Amino acid sequence: MSDLPDQLPSDPAELRAFAAALLERCARLERLLKLAKDAQFGRSSEKLDADQLQLVLEDIDQAVAALEAAEDRANPKTRETRAAERRANRGKLPEHLPRIVETLMPTATCCPSCKGDLVEIGSDESQRLDVVPVQYRVIVTRRPKLACRACHGVVLQHAAPERLIKGGLP
């Protein structure tokens with residue numbers, strides 16, 4: 001993250017104002033960092049409770065977001081690269097997490113027309129992140145599609161499970 005714009009002001013007065021703004025921003029971030037360090041490493045009698053620490057961390061997040069927003073306004077290239085980084089990993093869950101595969105079969109596995117056996121012709125697969133206290137895991141839901149060899153156009157598949165958040169993929 002670069003704090004300097006592409007072109008620095010050439011006017012000495014503007015350059016002093018720019019430097020003063022940078023020093024003020026730096027001093028504020030140092031104060032927030034000192035508060036966070038004191039909360040984590042200070043004497044136990046001086047430690048902040050969890051709610052107070054959360055407020056300090058939110059202040060730091062807001063300060064970082066404000067810096068990034070100012071940088072994005074100054075330089076559109078950084079906005080594009082930051083947006084591309086956010087989109088780069090959308091939908092991919094880490095491979096190292098344990099996976100639990102659930103297979104949801106339709107209740108009837110015989111053709112509703114001719115009562116013949118159905119065969120699997122494909123399946124839909126989705127992944128969602130599940131949190132067990134102090135453990136992350138990926139639940140893979142597999143829904144095979146079953147079709148009848150004798151009847152044309154008969155395809156059965158179990159309905160997709162409800163999402164935790166409608167339209168969301170958490």
# chains A, B, ... in the order shown; residues from 1 in each chain; ligands from 1

call {"tool": "residues_around", "arguments": {"residues": "Thr103 in chain A", "least_positions_apart": "5", "cutoff": "8 Å", "atoms": "only C-alpha atoms", "output": "list in words"}}
result
Thr141, Arg142, Arg143 and Pro144 of chain A

call {"tool": "write_last_selection", "arguments": {"atoms": "all heavy atoms", "output": "PDB file, in the first residue's frame"}}
result
ATOM      1  N   THR A 141     -22.344 -31.158  -0.709  1.00  0.00           N
ATOM      2  CA  THR A 141     -23.654 -31.767  -0.908  1.00  0.00           C
ATOM      3  C   THR A 141     -23.730 -32.264  -2.342  1.00  0.00           C
ATOM      4  O   THR A 141     -23.610 -31.483  -3.279  1.00  0.00           O
ATOM      5  CB  THR A 141     -24.772 -30.745  -0.635  1.00  0.00           C
ATOM      6  OG1 THR A 141     -24.606 -30.231   0.680  1.00  0.00           O
ATOM      7  CG2 THR A 141     -26.141 -31.381  -0.769  1.00  0.00           C
ATOM      8  N   ARG A 142     -23.908 -33.563  -2.496  1.00  0.00           N
ATOM      9  CA  ARG A 142     -23.961 -34.187  -3.817  1.00  0.00           C
ATOM     10  C   ARG A 142     -25.381 -34.656  -4.052  1.00  0.00           C
ATOM     11  O   ARG A 142     -25.945 -35.374  -3.236  1.00  0.00           O
ATOM     12  CB  ARG A 142     -22.999 -35.369  -3.848  1.00  0.00           C
ATOM     13  CG  ARG A 142     -22.769 -35.914  -5.200  1.00  0.00           C
ATOM     14  CD  ARG A 142     -21.593 -36.903  -5.187  1.00  0.00           C
ATOM     15  NE  ARG A 142     -21.505 -37.517  -6.477  1.00  0.00           N
ATOM     16  CZ  ARG A 142     -22.160 -38.622  -6.815  1.00  0.00           C
ATOM     17  NH1 ARG A 142     -22.893 -39.256  -5.934  1.00  0.00           N
ATOM     18  NH2 ARG A 142     -22.065 -39.105  -8.030  1.00  0.00           N
ATOM     19  N   ARG A 143     -25.984 -34.237  -5.167  1.00  0.00           N
ATOM     20  CA  ARG A 143     -27.366 -34.612  -5.499  1.00  0.00           C
ATOM     21  C   ARG A 143     -27.384 -35.302  -6.854  1.00  0.00           C
ATOM     22  O   ARG A 143     -27.463 -34.652  -7.893  1.00  0.00           O
ATOM     23  CB  ARG A 143     -28.260 -33.371  -5.525  1.00  0.00           C
ATOM     24  CG  ARG A 143     -28.281 -32.611  -4.214  1.00  0.00           C
ATOM     25  CD  ARG A 143     -29.193 -31.395  -4.225  1.00  0.00           C
ATOM     26  NE  ARG A 143     -28.915 -30.471  -5.297  1.00  0.00           N
ATOM     27  CZ  ARG A 143     -29.819 -30.029  -6.171  1.00  0.00           C
ATOM     28  NH1 ARG A 143     -31.061 -30.408  -6.100  1.00  0.00           N
ATOM     29  NH2 ARG A 143     -29.476 -29.185  -7.119  1.00  0.00           N
ATOM     30  N   PRO A 144     -27.284 -36.645  -6.869  1.00  0.00           N
ATOM     31  CA  PRO A 144     -27.270 -37.353  -8.157  1.00  0.00           C
ATOM     32  C   PRO A 144     -28.584 -37.166  -8.920  1.00  0.00           C
ATOM     33  O   PRO A 144     -29.652 -37.055  -8.323  1.00  0.00           O
ATOM     34  CB  PRO A 144     -27.098 -38.818  -7.756  1.00  0.00           C
ATOM     35  CG  PRO A 144     -26.667 -38.810  -6.349  1.00  0.00           C
ATOM     36  CD  PRO A 144     -27.143 -37.544  -5.743  1.00  0.00           C
TER      37      PRO A 144
END

call {"tool": "select_by_dssp", "arguments": {"residues": "range 53-135 of chain A", "states": "strand (DSSP E or B)", "output": "ChimeraX atom specification"}}
result
/A:99-103,110,117-132,135

call {"tool": "residues_around", "arguments": {"residues": "range 151-160 of chain A", "least_positions_apart": "5", "cutoff": "7 Å", "atoms": "only C-alpha atoms", "output": "VMD selection string"}}
result
chain A and resid 104 to 106 143 to 146

call {"tool": "write_last_selection", "arguments": {"atoms": "all heavy atoms", "output": "PDB file, in the first residue's frame"}}
result
ATOM      1  N   LEU A 104     -27.540 -36.755  -1.335  1.00  0.00           N
ATOM      2  CA  LEU A 104     -28.988 -36.687  -1.159  1.00  0.00           C
ATOM      3  C   LEU A 104     -29.662 -37.397  -2.331  1.00  0.00           C
ATOM      4  O   LEU A 104     -29.715 -36.871  -3.434  1.00  0.00           O
ATOM      5  CB  LEU A 104     -29.452 -35.229  -1.083  1.00  0.00           C
ATOM      6  CG  LEU A 104     -28.792 -34.355  -0.014  1.00  0.00           C
ATOM      7  CD1 LEU A 104     -29.278 -32.917  -0.141  1.00  0.00           C
ATOM      8  CD2 LEU A 104     -29.077 -34.895   1.363  1.00  0.00           C
ATOM      9  N   MET A 105     -30.158 -38.589  -2.073  1.00  0.00           N
ATOM     10  CA  MET A 105     -30.831 -39.370  -3.114  1.00  0.00           C
ATOM     11  C   MET A 105     -32.330 -39.070  -3.075  1.00  0.00           C
ATOM     12  O   MET A 105     -32.888 -38.831  -1.999  1.00  0.00           O
ATOM     13  CB  MET A 105     -30.623 -40.868  -2.872  1.00  0.00           C
ATOM     14  CG  MET A 105     -29.184 -41.323  -3.027  1.00  0.00           C
ATOM     15  SD  MET A 105     -28.610 -41.285  -4.721  1.00  0.00           S
ATOM     16  CE  MET A 105     -29.426 -42.696  -5.391  1.00  0.00           C
ATOM     17  N   PRO A 106     -32.997 -39.104  -4.235  1.00  0.00           N
ATOM     18  CA  PRO A 106     -34.458 -38.964  -4.221  1.00  0.00           C
ATOM     19  C   PRO A 106     -35.077 -40.124  -3.430  1.00  0.00           C
ATOM     20  O   PRO A 106     -34.490 -41.204  -3.326  1.00  0.00           O
ATOM     21  CB  PRO A 106     -34.845 -39.047  -5.700  1.00  0.00           C
ATOM     22  CG  PRO A 106     -33.600 -38.756  -6.453  1.00  0.00           C
ATOM     23  CD  PRO A 106     -32.465 -39.187  -5.585  1.00  0.00           C
ATOM     24  N   ARG A 143     -25.984 -34.237  -5.167  1.00  0.00           N
ATOM     25  CA  ARG A 143     -27.366 -34.612  -5.499  1.00  0.00           C
ATOM     26  C   ARG A 143     -27.384 -35.302  -6.854  1.00  0.00           C
ATOM     27  O   ARG A 143     -27.463 -34.652  -7.893  1.00  0.00           O
ATOM     28  CB  ARG A 143     -28.260 -33.371  -5.525  1.00  0.00           C
ATOM     29  CG  ARG A 143     -28.281 -32.611  -4.214  1.00  0.00           C
ATOM     30  CD  ARG A 143     -29.193 -31.395  -4.225  1.00  0.00           C
ATOM     31  NE  ARG A 143     -28.915 -30.471  -5.297  1.00  0.00           N
ATOM     32  CZ  ARG A 143     -29.819 -30.029  -6.171  1.00  0.00           C
ATOM     33  NH1 ARG A 143     -31.061 -30.408  -6.100  1.00  0.00           N
ATOM     34  NH2 ARG A 143     -29.476 -29.185  -7.119  1.00  0.00           N
ATOM     35  N   PRO A 144     -27.284 -36.645  -6.869  1.00  0.00           N
ATOM     36  CA  PRO A 144     -27.270 -37.353  -8.157  1.00  0.00           C
ATOM     37  C   PRO A 144     -28.584 -37.166  -8.920  1.00  0.00           C
ATOM     38  O   PRO A 144     -29.652 -37.055  -8.323  1.00  0.00           O
ATOM     39  CB  PRO A 144     -27.098 -38.818  -7.756  1.00  0.00           C
ATOM     40  CG  PRO A 144     -26.667 -38.810  -6.349  1.00  0.00           C
ATOM     41  CD  PRO A 144     -27.143 -37.544  -5.743  1.00  0.00           C
ATOM     42  N   LYS A 145     -28.458 -37.118 -10.224  1.00  0.00           N
ATOM     43  CA  LYS A 145     -29.622 -37.082 -11.097  1.00  0.00           C
ATOM     44  C   LYS A 145     -29.842 -38.507 -11.593  1.00  0.00           C
ATOM     45  O   LYS A 145     -28.916 -39.147 -12.092  1.00  0.00           O
ATOM     46  CB  LYS A 145     -29.387 -36.162 -12.294  1.00  0.00           C
ATOM     47  CG  LYS A 145     -29.240 -34.709 -11.923  1.00  0.00           C
ATOM     48  CD  LYS A 145     -28.972 -33.886 -13.165  1.00  0.00           C
ATOM     49  CE  LYS A 145     -28.723 -32.439 -12.798  1.00  0.00           C
ATOM     50  NZ  LYS A 145     -28.403 -31.634 -13.971  1.00  0.00           N
ATOM     51  N   LEU A 146     -31.068 -39.003 -11.469  1.00  0.00           N
ATOM     52  CA  LEU A 146     -31.381 -40.363 -11.872  1.00  0.00           C
ATOM     53  C   LEU A 146     -32.350 -40.317 -13.045  1.00  0.00           C
ATOM     54  O   LEU A 146     -33.273 -39.510 -13.073  1.00  0.00           O
ATOM     55  CB  LEU A 146     -32.002 -41.141 -10.703  1.00  0.00           C
ATOM     56  CG  LEU A 146     -31.173 -41.181  -9.410  1.00  0.00           C
ATOM     57  CD1 LEU A 146     -31.954 -41.886  -8.312  1.00  0.00           C
ATOM     58  CD2 LEU A 146     -29.851 -41.871  -9.656  1.00  0.00           C
TER      59      LEU A 146
END

call {"tool": "residues_around", "arguments": {"residues": "Ala50 in chain A", "least_positions_apart": "5", "cutoff": "12 Å", "atoms": "only C-alpha atoms", "output": "list in words"}}
result
Ala36, Ala39, Gln40, Leu55, Val56 and Leu57 of chain A

call {"tool": "closest_residue", "arguments": {"among": "A:Arg25, A:Ala20, A:Glu68, A:Ala147", "to": "Ala108 in chain A", "atoms": "only C-alpha atoms"}}
result
A:Ala147

call {"tool": "residues_around", "arguments": {"residues": "Ala150 in chain A", "least_positions_apart": "4", "cutoff": "12 Å", "atoms": "only C-alpha atoms", "output": "PDB file with C-alpha atoms, in the first residue's frame"}}
result
ATOM      1  CA  CYS A 110     -37.685 -46.353  -9.546  1.00  0.00           C
ATOM      2  CA  CYS A 111     -39.342 -44.803 -12.584  1.00  0.00           C
ATOM      3  CA  PRO A 112     -42.754 -43.303 -11.760  1.00  0.00           C
ATOM      4  CA  SER A 113     -44.032 -44.381 -15.194  1.00  0.00           C
ATOM      5  CA  CYS A 114     -42.821 -47.947 -15.743  1.00  0.00           C
ATOM      6  CA  LYS A 115     -41.405 -48.775 -12.276  1.00  0.00           C
ATOM      7  CA  GLY A 116     -38.027 -49.632 -13.846  1.00  0.00           C
ATOM      8  CA  ASP A 117     -34.673 -48.944 -12.175  1.00  0.00           C
ATOM      9  CA  LEU A 118     -33.200 -45.464 -12.551  1.00  0.00           C
ATOM     10  CA  VAL A 119     -29.524 -44.887 -13.414  1.00  0.00           C
ATOM     11  CA  VAL A 154     -37.847 -39.031 -16.802  1.00  0.00           C
ATOM     12  CA  VAL A 155     -35.213 -37.467 -14.530  1.00  0.00           C
TER      13      VAL A 155
END

call {"tool": "residues_around", "arguments": {"residues": "Val131 in chain A", "least_positions_apart": "4", "cutoff": "12 Å", "atoms": "only C-alpha atoms", "output": "list of chain:residue names"}}
result
A:Leu97, A:Pro98, A:Arg99, A:Gln135, A:Tyr136, A:Arg137, A:Val138, A:Ile139, A:Pro170

call {"tool": "write_last_selection", "arguments": {"atoms": "N, CA and C atoms", "output": "short mmCIF file (atom, residue, chain, number, x, y, z; two decimals), in the first residue's frame"}}
result
data_model
loop_
_atom_site.label_atom_id
_atom_site.label_comp_id
_atom_site.auth_asym_id
_atom_site.auth_seq_id
_atom_site.Cartn_x
_atom_site.Cartn_y
_atom_site.Cartn_z
N LEU A 97 -9.01 -27.98 4.31
CA LEU A 97 -10.10 -28.20 5.25
C LEU A 97 -10.72 -29.58 5.04
N PRO A 98 -11.09 -30.26 6.13
CA PRO A 98 -11.72 -31.57 5.97
C PRO A 98 -13.07 -31.42 5.29
N ARG A 99 -13.45 -32.41 4.53
CA ARG A 99 -14.70 -32.37 3.79
C ARG A 99 -15.61 -33.51 4.22
N GLN A 135 -13.19 -25.29 14.84
CA GLN A 135 -12.91 -26.18 13.71
C GLN A 135 -13.71 -25.69 12.49
N TYR A 136 -13.04 -25.65 11.36
CA TYR A 136 -13.71 -25.32 10.11
C TYR A 136 -13.75 -26.58 9.27
N ARG A 137 -14.82 -26.77 8.55
CA ARG A 137 -14.92 -27.90 7.64
C ARG A 137 -15.81 -27.52 6.47
N VAL A 138 -15.68 -28.25 5.40
CA VAL A 138 -16.45 -27.98 4.19
C VAL A 138 -17.46 -29.11 4.02
N ILE A 139 -18.72 -28.76 3.85
CA ILE A 139 -19.75 -29.77 3.61
C ILE A 139 -20.04 -29.77 2.12
N PRO A 170 -22.58 -18.83 2.30
CA PRO A 170 -21.60 -18.89 3.40
C PRO A 170 -21.28 -20.34 3.73
#

call {"tool": "atom_distance", "arguments": {"atom1": "CA of Leu93 in chain A", "atom2": "CA of Ala65 in chain A"}}
result
25.2 Å

call {"tool": "atom_distance", "arguments": {"atom1": "CA of Gln127 in chain A", "atom2": "CA of Leu164 in chain A"}}
result
12.7 Å

call {"tool": "closest_residue", "arguments": {"among": "A:Val134, A:Cys26, A:Ala83, A:Ala74", "to": "Ile60 in chain A", "atoms": "only C-alpha atoms"}}
result
A:Cys26

call {"tool": "decode", "arguments": {"residues": "range 81-113 of chain A", "atoms": "C-alpha atoms", "output": "mmCIF file, in the first residue's frame"}}
result
data_model
loop_
_atom_site.group_PDB
_atom_site.id
_atom_site.type_symbol
_atom_site.label_atom_id
_atom_site.label_comp_id
_atom_site.auth_asym_id
_atom_site.auth_seq_id
_atom_site.Cartn_x
_atom_site.Cartn_y
_atom_site.Cartn_z
ATOM 1 C CA THR A 81 -6.276 -4.176 -8.569
ATOM 2 C CA ARG A 82 -7.878 -4.243 -5.095
ATOM 3 C CA ALA A 83 -11.247 -5.194 -6.609
ATOM 4 C CA ALA A 84 -9.585 -7.935 -8.670
ATOM 5 C CA GLU A 85 -7.910 -9.322 -5.519
ATOM 6 C CA ARG A 86 -11.260 -9.452 -3.724
ATOM 7 C CA ARG A 87 -12.851 -11.324 -6.639
ATOM 8 C CA ALA A 88 -9.915 -13.669 -7.243
ATOM 9 C CA ASN A 89 -10.859 -16.327 -4.674
ATOM 10 C CA ARG A 90 -14.646 -16.081 -4.736
ATOM 11 C CA GLY A 91 -16.275 -19.490 -4.435
ATOM 12 C CA LYS A 92 -13.145 -21.539 -3.725
ATOM 13 C CA LEU A 93 -12.743 -23.014 -0.279
ATOM 14 C CA PRO A 94 -9.275 -24.047 0.947
ATOM 15 C CA GLU A 95 -8.300 -27.603 0.035
ATOM 16 C CA HIS A 96 -6.739 -28.355 3.431
ATOM 17 C CA LEU A 97 -10.098 -28.197 5.250
ATOM 18 C CA PRO A 98 -11.722 -31.569 5.973
ATOM 19 C CA ARG A 99 -14.703 -32.372 3.788
ATOM 20 C CA ILE A 100 -17.901 -34.174 4.661
ATOM 21 C CA VAL A 101 -19.680 -35.463 1.568
ATOM 22 C CA GLU A 102 -23.466 -35.741 1.842
ATOM 23 C CA THR A 103 -25.296 -37.543 -0.939
ATOM 24 C CA LEU A 104 -28.988 -36.687 -1.159
ATOM 25 C CA MET A 105 -30.831 -39.370 -3.114
ATOM 26 C CA PRO A 106 -34.458 -38.964 -4.221
ATOM 27 C CA THR A 107 -36.886 -40.907 -2.030
ATOM 28 C CA ALA A 108 -38.047 -43.068 -4.961
ATOM 29 C CA THR A 109 -35.344 -44.745 -7.031
ATOM 30 C CA CYS A 110 -37.685 -46.353 -9.546
ATOM 31 C CA CYS A 111 -39.342 -44.803 -12.584
ATOM 32 C CA PRO A 112 -42.754 -43.303 -11.760
ATOM 33 C CA SER A 113 -44.032 -44.381 -15.194
#
